[in-house]
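*Asks:* Supplied in structure tokens, the structure appears directly below.
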Amino acid sequence: MPITIDSNAVRLDHLVFQGTRLTDPALSARRCASDKKRPMAGGLLVNGNSVTITRSVFRDMACYTALEYGTGVEAVISDNTFIGNGTHNTLLHWADGLTIHTAQRFQISSNRFRDNTDVQLIFGSCVGCTITNNNFNHSGTAEGGAFAEIMLQAWPNATSGDFTGTQVTRNTIDCGAQRRCGFGIMIGSAPWYEAPTFGGAVTDNRVRGAMLALNVDYLTGPMVIAHNDLEAVSGTYPSMCGPQRISGASANFSARSRMVLPLTATDTATTAKHYCILNYSIR
């Protein structure tokens with residue numbers, strides 16, 4: 001990453017981190033095309049405990065991610081804006097807004113996510129975390145779309161997928177009338193790869209404008225998923241498996257996930273083809 005912080009008790013406030021997506025398209029394209037160079041097209045990498053990141057802007061990274069948090073305990077990431085990172089409909093130019101690998105007791109609240117083009121907010125594990133009152137939306141352009149808005153999962157052989165004690169609550173997602181996100185809330189990693197996901201609670205979130213509001217595929221241990229306000233949709237949408245027809249569904253729980261979900265999970269259930277990543281339409 002262009003900027004790396006490897007220290008405890010750092011505070012970042014009122015800063016702007018801006019990438020090269022708009023200012024140097026040629027350099028951006030070269031970096032995004034290379035597995036080795038792609039992280040240099042991102043923004044900030046942080047490792048450390050008791051780090052505070054507030055009231056800052058992360059924008060226009062060419063690909064990879066705008067803010068990557070490796071490992072830490074008791075960080076606060078609040079009242080920031082993640083906007084315009086990556087290009088959704090160009091191969092390998094996708095960028096997350098905020099990527100968190102292994103965390104404990106983080107507070108992630110009141111952040112604004114707009115047009116981050118891979119997954120707007122993604123976790124590999126987060127134990128005892130509070131993820132609340134964040135806002136997710138899209139401008140409506142194809143290049144500003146995303147595969148998912150919030151994703152709880154694990155990277156294979158890299159993170160644990162443990163969300164024990166974590167509360168994901170009162171977040172607002174609106175992907176717009178053009179439905180510029182595939183999944184509103186994505187739980188589990190199976191559409192991409194096989195890895196564990198378990199623990200915590202996902203409750204009282206609102207999702208509008210997604211191709212599918214909630215996808216659970218798949219859980220390897222109990223997680224509470226309840227009382228979310230999910231929009232039911234109908235339509236035919238692009239995916240890695242070809243066009244997918246969704247008829248009046250707000251959520252999908254894979255068969256393997258239904259075996260471990262508690263009885264409090266009352267959201268509508270349907271079935272969908274395995275390994276299909278929605279909103280995949282790449283030039």
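Lettering and numbering for the structure tokens are positional, with chains as A, B, ... in the shown order, residues counted from 1 in each chain, and ligands counted from 1 in the shown order.
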Compile the contact shell of Gly84 of chain A as a VMD selection string: residues with an atom at most 10 Å away, counting only C-alpha atoms, same-chain residues fewer than 3 positions apart removed.
*Replies:* chain A and resid 18 to 19 21 to 22 58 to 62 66 81 87 95 to 97 113 to 117 138 to 139 143 to 145
*Asks:* Leaving out Gln178 of chain A and any residue of its chain fewer than 3 positions from it, which residues lie within 8 Å of it when counting only C-alpha atoms, given as a ChimeraX atom specification?
*Replies:* /A:140,175,209
*Asks:* Counting only C-alpha atoms, figure out which residue out of A:Ile3, A:Arg179, A:Thr220, A:Glu194 gets nearest to Tyr237 of chain A.
*Replies:* A:Arg179
*Asks:* Residues of segment 17-185 of chain A in alpha helix (DSSP H) according to DSSP, as number ranges by chain?
*Replies:* A: 25-32
*Asks:* Could you please take those selected residues and save all heavy atoms as a PDB file, in the first residue's frame?
*Replies:*
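File written: result-v1.pdb
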```pdb
ATOM      1  N   PRO A  25      -4.730   7.759 -14.958  1.00  0.00           N
ATOM      2  CA  PRO A  25      -5.344   6.500 -15.402  1.00  0.00           C
ATOM      3  C   PRO A  25      -4.336   5.489 -15.940  1.00  0.00           C
ATOM      4  O   PRO A  25      -4.514   4.276 -15.748  1.00  0.00           O
ATOM      5  CB  PRO A  25      -6.321   6.948 -16.493  1.00  0.00           C
ATOM      6  CG  PRO A  25      -6.602   8.385 -16.198  1.00  0.00           C
ATOM      7  CD  PRO A  25      -5.331   8.922 -15.631  1.00  0.00           C
ATOM      8  N   ALA A  26      -3.282   5.933 -16.602  1.00  0.00           N
ATOM      9  CA  ALA A  26      -2.301   5.004 -17.162  1.00  0.00           C
ATOM     10  C   ALA A  26      -1.552   4.269 -16.059  1.00  0.00           C
ATOM     11  O   ALA A  26      -1.375   3.043 -16.112  1.00  0.00           O
ATOM     12  CB  ALA A  26      -1.325   5.747 -18.065  1.00  0.00           C
ATOM     13  N   LEU A  27      -1.088   4.984 -15.054  1.00  0.00           N
ATOM     14  CA  LEU A  27      -0.426   4.357 -13.915  1.00  0.00           C
ATOM     15  C   LEU A  27      -1.385   3.433 -13.187  1.00  0.00           C
ATOM     16  O   LEU A  27      -1.013   2.312 -12.789  1.00  0.00           O
ATOM     17  CB  LEU A  27       0.100   5.423 -12.963  1.00  0.00           C
ATOM     18  CG  LEU A  27       0.720   4.918 -11.654  1.00  0.00           C
ATOM     19  CD1 LEU A  27       1.943   4.052 -11.940  1.00  0.00           C
ATOM     20  CD2 LEU A  27       1.066   6.087 -10.737  1.00  0.00           C
ATOM     21  N   SER A  28      -2.615   3.862 -13.026  1.00  0.00           N
ATOM     22  CA  SER A  28      -3.618   3.038 -12.363  1.00  0.00           C
ATOM     23  C   SER A  28      -3.821   1.722 -13.091  1.00  0.00           C
ATOM     24  O   SER A  28      -3.877   0.648 -12.471  1.00  0.00           O
ATOM     25  CB  SER A  28      -4.945   3.800 -12.284  1.00  0.00           C
ATOM     26  OG  SER A  28      -4.812   4.973 -11.510  1.00  0.00           O
ATOM     27  N   ALA A  29      -3.934   1.777 -14.399  1.00  0.00           N
ATOM     28  CA  ALA A  29      -4.152   0.561 -15.186  1.00  0.00           C
ATOM     29  C   ALA A  29      -2.979  -0.399 -15.062  1.00  0.00           C
ATOM     30  O   ALA A  29      -3.172  -1.623 -14.958  1.00  0.00           O
ATOM     31  CB  ALA A  29      -4.397   0.923 -16.641  1.00  0.00           C
ATOM     32  N   ARG A  30      -1.754   0.117 -15.073  1.00  0.00           N
ATOM     33  CA  ARG A  30      -0.579  -0.747 -14.950  1.00  0.00           C
ATOM     34  C   ARG A  30      -0.551  -1.443 -13.591  1.00  0.00           C
ATOM     35  O   ARG A  30      -0.255  -2.641 -13.488  1.00  0.00           O
ATOM     36  CB  ARG A  30       0.707   0.059 -15.154  1.00  0.00           C
ATOM     37  CG  ARG A  30       0.948   0.503 -16.587  1.00  0.00           C
ATOM     38  CD  ARG A  30       2.376   0.963 -16.788  1.00  0.00           C
ATOM     39  NE  ARG A  30       2.746   2.083 -15.939  1.00  0.00           N
ATOM     40  CZ  ARG A  30       2.559   3.359 -16.241  1.00  0.00           C
ATOM     41  NH1 ARG A  30       1.967   3.686 -17.394  1.00  0.00           N
ATOM     42  NH2 ARG A  30       2.948   4.320 -15.424  1.00  0.00           N
ATOM     43  N   ARG A  31      -0.836  -0.706 -12.546  1.00  0.00           N
ATOM     44  CA  ARG A  31      -0.818  -1.297 -11.211  1.00  0.00           C
ATOM     45  C   ARG A  31      -1.940  -2.321 -11.036  1.00  0.00           C
ATOM     46  O   ARG A  31      -1.717  -3.404 -10.479  1.00  0.00           O
ATOM     47  CB  ARG A  31      -0.937  -0.200 -10.161  1.00  0.00           C
ATOM     48  CG  ARG A  31       0.339   0.624 -10.004  1.00  0.00           C
ATOM     49  CD  ARG A  31       0.156   1.756  -9.012  1.00  0.00           C
ATOM     50  NE  ARG A  31       1.437   2.401  -8.699  1.00  0.00           N
ATOM     51  CZ  ARG A  31       1.549   3.496  -7.957  1.00  0.00           C
ATOM     52  NH1 ARG A  31       0.463   4.084  -7.460  1.00  0.00           N
ATOM     53  NH2 ARG A  31       2.744   4.007  -7.708  1.00  0.00           N
ATOM     54  N   CYS A  32      -3.119  -2.015 -11.497  1.00  0.00           N
ATOM     55  CA  CYS A  32      -4.255  -2.919 -11.301  1.00  0.00           C
ATOM     56  C   CYS A  32      -4.106  -4.207 -12.103  1.00  0.00           C
ATOM     57  O   CYS A  32      -4.665  -5.243 -11.733  1.00  0.00           O
ATOM     58  CB  CYS A  32      -5.555  -2.215 -11.667  1.00  0.00           C
ATOM     59  SG  CYS A  32      -5.968  -0.841 -10.551  1.00  0.00           S
TER      60      CYS A  32
END
```
*Asks:* Taking the DSSP assignment computed from this structure's backbone, write out as a PyMOL selection string all residues of segment 18-220 of chain A that belong to strand (DSSP E).
*Replies:* chain A and resi 18+44-47+52-54+57-59+64-73+76-78+81-83+95-104+107-109+112-114+119-123+126-127+130-132+135-137+146-152+167-169+172-174+181-187+201-203+206-208+210-216
*Asks:* Can you tell me which residues surround Ile246 of chain A at a distance of at most 12 Å, considering only C-alpha atoms, apart from same-chain residues fewer than 5 positions away, and format the answer as an mmCIF file with N, CA, C and O atoms, in the first residue's frame?
*Replies:*
```cif
data_model
loop_
_atom_site.group_PDB
_atom_site.id
_atom_site.type_symbol
_atom_site.label_atom_id
_atom_site.label_comp_id
_atom_site.auth_asym_id
_atom_site.auth_seq_id
_atom_site.Cartn_x
_atom_site.Cartn_y
_atom_site.Cartn_z
ATOM 1 N N GLY A 182 -24.941 -6.137 -5.973
ATOM 2 C CA GLY A 182 -25.453 -7.492 -6.082
ATOM 3 C C GLY A 182 -26.130 -7.922 -4.794
ATOM 4 O O GLY A 182 -27.348 -8.091 -4.736
ATOM 5 N N ALA A 210 -30.905 -3.525 -3.652
ATOM 6 C CA ALA A 210 -29.967 -4.597 -3.992
ATOM 7 C C ALA A 210 -30.635 -5.588 -4.940
ATOM 8 O O ALA A 210 -31.856 -5.718 -4.971
ATOM 9 N N MET A 211 -29.824 -6.315 -5.707
ATOM 10 C CA MET A 211 -30.365 -7.405 -6.515
ATOM 11 C C MET A 211 -30.882 -8.534 -5.622
ATOM 12 O O MET A 211 -31.864 -9.188 -5.955
ATOM 13 N N LEU A 212 -30.213 -8.742 -4.481
ATOM 14 C CA LEU A 212 -30.687 -9.638 -3.431
ATOM 15 C C LEU A 212 -30.272 -9.013 -2.109
ATOM 16 O O LEU A 212 -29.085 -8.787 -1.863
ATOM 17 N N ALA A 213 -31.244 -8.736 -1.239
ATOM 18 C CA ALA A 213 -30.967 -7.970 -0.027
ATOM 19 C C ALA A 213 -30.038 -8.697 0.936
ATOM 20 O O ALA A 213 -29.151 -8.092 1.541
ATOM 21 N N ALA A 232 -37.946 -7.147 -0.919
ATOM 22 C CA ALA A 232 -38.107 -8.262 -1.852
ATOM 23 C C ALA A 232 -38.037 -7.728 -3.276
ATOM 24 O O ALA A 232 -38.593 -6.677 -3.589
ATOM 25 N N VAL A 233 -37.341 -8.459 -4.150
ATOM 26 C CA VAL A 233 -37.151 -7.989 -5.523
ATOM 27 C C VAL A 233 -37.520 -9.083 -6.511
ATOM 28 O O VAL A 233 -37.520 -10.275 -6.191
ATOM 29 N N SER A 234 -37.807 -8.662 -7.711
ATOM 30 C CA SER A 234 -38.026 -9.569 -8.838
ATOM 31 C C SER A 234 -37.303 -8.996 -10.042
ATOM 32 O O SER A 234 -37.335 -7.787 -10.285
ATOM 33 N N GLY A 235 -36.639 -9.873 -10.782
ATOM 34 C CA GLY A 235 -35.941 -9.427 -11.977
ATOM 35 C C GLY A 235 -34.913 -10.437 -12.412
ATOM 36 O O GLY A 235 -34.695 -11.452 -11.759
ATOM 37 N N THR A 236 -34.275 -10.150 -13.535
ATOM 38 C CA THR A 236 -33.188 -10.972 -14.040
ATOM 39 C C THR A 236 -31.914 -10.147 -13.986
ATOM 40 O O THR A 236 -31.852 -9.053 -14.547
ATOM 41 N N TYR A 237 -30.900 -10.682 -13.310
ATOM 42 C CA TYR A 237 -29.716 -9.902 -13.005
ATOM 43 C C TYR A 237 -28.454 -10.633 -13.459
ATOM 44 O O TYR A 237 -28.387 -11.864 -13.435
ATOM 45 N N PRO A 238 -27.407 -9.890 -13.854
ATOM 46 C CA PRO A 238 -26.165 -10.523 -14.302
ATOM 47 C C PRO A 238 -25.418 -11.166 -13.138
ATOM 48 O O PRO A 238 -25.436 -10.663 -12.015
ATOM 49 N N SER A 239 -24.754 -12.288 -13.424
ATOM 50 C CA SER A 239 -23.934 -12.957 -12.414
ATOM 51 C C SER A 239 -22.809 -13.703 -13.102
ATOM 52 O O SER A 239 -22.774 -13.818 -14.332
ATOM 53 N N ALA A 251 -34.227 -12.734 0.527
ATOM 54 C CA ALA A 251 -33.061 -13.379 1.120
ATOM 55 C C ALA A 251 -32.895 -14.783 0.593
ATOM 56 O O ALA A 251 -33.850 -15.437 0.177
ATOM 57 N N ASN A 252 -31.649 -15.230 0.616
ATOM 58 C CA ASN A 252 -31.316 -16.620 0.312
ATOM 59 C C ASN A 252 -30.508 -17.185 1.465
ATOM 60 O O ASN A 252 -29.531 -16.586 1.898
ATOM 61 N N THR A 270 -35.230 -18.400 0.297
ATOM 62 C CA THR A 270 -35.423 -18.990 -1.020
ATOM 63 C C THR A 270 -34.166 -19.770 -1.342
ATOM 64 O O THR A 270 -33.331 -19.989 -0.489
ATOM 65 N N THR A 271 -34.009 -20.211 -2.542
ATOM 66 C CA THR A 271 -32.791 -20.915 -2.929
ATOM 67 C C THR A 271 -32.171 -20.218 -4.119
ATOM 68 O O THR A 271 -32.857 -19.597 -4.916
ATOM 69 N N ALA A 272 -30.858 -20.317 -4.257
ATOM 70 C CA ALA A 272 -30.164 -19.727 -5.391
ATOM 71 C C ALA A 272 -29.002 -20.618 -5.774
ATOM 72 O O ALA A 272 -28.534 -21.428 -4.985
ATOM 73 N N LYS A 273 -28.529 -20.467 -6.983
ATOM 74 C CA LYS A 273 -27.430 -21.288 -7.472
ATOM 75 C C LYS A 273 -26.143 -20.943 -6.734
ATOM 76 O O LYS A 273 -25.807 -19.791 -6.526
ATOM 77 N N LEU A 278 -23.537 -12.050 -7.853
ATOM 78 C CA LEU A 278 -24.430 -11.140 -8.568
ATOM 79 C C LEU A 278 -23.723 -9.843 -8.945
ATOM 80 O O LEU A 278 -22.704 -9.470 -8.385
#
```
*Asks:* Would you please work out which residue, of A:Ser281, A:Thr20, A:Thr132, A:Gln167, is nearest to Ile225 of chain A when using only C-alpha atoms?
*Replies:*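 Smallest separation from Ile225 of chain A among the options: A:Gln167.
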*Asks:* Name the closest residue to Ala75 of chain A among the candidates A:Ser56, A:Ser7, A:Thr203, A:Thr197; distances are taken between atoms, counting only C-alpha atoms.
*Replies:*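 Counting only C-alpha atoms, the residue closest to Ala75 of chain A is A:Ser7.
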*Asks:* List as a list in words the protein and nucleic acid residues near Pro156 of chain A, meaning an atom at most 9 Å away when only C-alpha atoms are counted, but skip any in the same chain fewer than 3 places from it.
*Replies:* Thr159, Ser160, Tyr193, Glu194, Ala195 and Pro196 of chain A
*Asks:* Go ahead and save the residues from that selection, with C-alpha atoms, as a CSV table (one decimal), in the first residue's frame.
*Replies:*
```csv
chain,number,residue,atom,x,y,z
A,159,THR,CA,-8.5,-15.3,8.8
A,160,SER,CA,-10.9,-17.2,11.1
A,193,TYR,CA,-14.4,-19.5,-2.0
A,194,GLU,CA,-14.7,-22.0,0.9
A,195,ALA,CA,-13.9,-20.6,4.4
A,196,PRO,CA,-15.6,-20.6,7.8
```
*Asks:* Just how far from atom CA of Phe82 of chain A is atom CA of Ile131 of chain A, in Å to one decimal?
*Replies:*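 One can read the atom CA of Ile131 of chain A to atom CA of Phe82 of chain A distance as 15.5 Å.
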*Asks:* Please identify all polymer residues within 6 Å of Cys276 of chain A, counting only C-alpha atoms, omitting same-chain residues fewer than 2 positions from it, and present them as number ranges by chain.
*Replies:* A: 191, 239-241, 274
*Asks:* Any chance you could export the current selection's C-alpha atoms as a tab-separated table (two decimals), in the first residue's frame?
*Replies:*
```tsv
chain	number	residue	atom	x	y	z
A	191	PRO	CA	-19.86	-17.44	-3.62
A	239	SER	CA	-23.93	-12.96	-12.41
A	240	MET	CA	-20.82	-15.06	-12.87
A	241	CYS	CA	-23.17	-17.94	-13.69
A	274	HIS	CA	-24.18	-21.82	-5.58
```
*Asks:* If I take atom CA of Asn215 of chain A and atom CA of Gln153 of chain A, how far is one from the other in Å, to one decimal?
*Replies:*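 Straight-line distance from atom CA of Asn215 of chain A to atom CA of Gln153 of chain A works out to 11.8 Å.
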*Asks:* Calculated over only C-alpha atoms, which of the candidates A:Phe17, A:Phe106, A:Tyr69, A:Phe253 has the smallest distance to Val168 of chain A?
*Replies:* A:Phe106
